[in-house]
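A.B. asks: Handing you this structure, nothing more for now.
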Amino acid sequence: MSNEEFKEFDENEAVDFINNALAAEGRQQYDGDDLLLIIDAMYDYFEENDSFDSDVDLEDDVDNMVAYVVKVISKDADNKVAKDDVKTIVVAEMEYEDSLND
């Protein structure tokens, strides 16, 4: 597959994808700012753990990533994401990214 065939990451599509995953599980949906804070925290986790440059299977590391994201969002008093929803959001974001390669 050439680079032209890869779909580019779109924040609005990612937010919609995540909210659809939450709705499918009967959970509340969140506004884009709250979800983008989580996506940013995920990327920070990737950077801190050299996940961008290695062959680490991130799906095996979901629980550590979720713990990291919960710690980050706990520091943001304005964030309204329930800690119980973080794993669903993290997994949905990873599924969105996987869908870009299809």
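All residue names refer to the structure tokens as shown: chains lettered A, B, ... in order, residues numbered from 1 in each chain, ligands numbered from 1 in order.
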Once DSSP has gone over the backbone, tell me which residues of chain A are in alpha helix (DSSP H), as number ranges by chain.
C.D. replies: A: 11-24, 32-48, 62-74, 86-99
A.B. asks: Leaving out range 86-90 of chain A and any residue of its chain fewer than 2 positions from it, which residues lie within 9 Å of it when counting only C-alpha atoms, given as a ChimeraX atom specification?
C.D. replies: /A:18-19,21-22,25,35,38-39,42,62-63,65-67,69-70,81-84,92-95
A.B. asks: Would you mind reading off the distance between CA of Gly26 in chain A and CA of Asp76 in chain A, one decimal, in Å?
C.D. replies: 24.9 Å
A.B. asks: Please report the interatomic distance between CA of Lys7 in chain A and CA of Asp85 in chain A in Å with one decimal.
C.D. replies: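 Atom-to-atom, CA of Lys7 in chain A to CA of Asp85 in chain A, that is 26.6 Å.
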A.B. asks: With only C-alpha atoms as the atoms that count, which of A:Glu8, A:Asn79, A:Asp98, A:Tyr68 lies nearest to Tyr43 in chain A?
C.D. replies: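 Among A:Glu8, A:Asn79, A:Asp98, A:Tyr68, it is A:Tyr68 that comes nearest to Tyr43 in chain A.
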A.B. asks: Pick the closest to Asp34 in chain A from A:Asp78, A:Lys71, A:Ser99, A:Asn49: which is it, counting only C-alpha atoms?
C.D. replies: A:Asp78
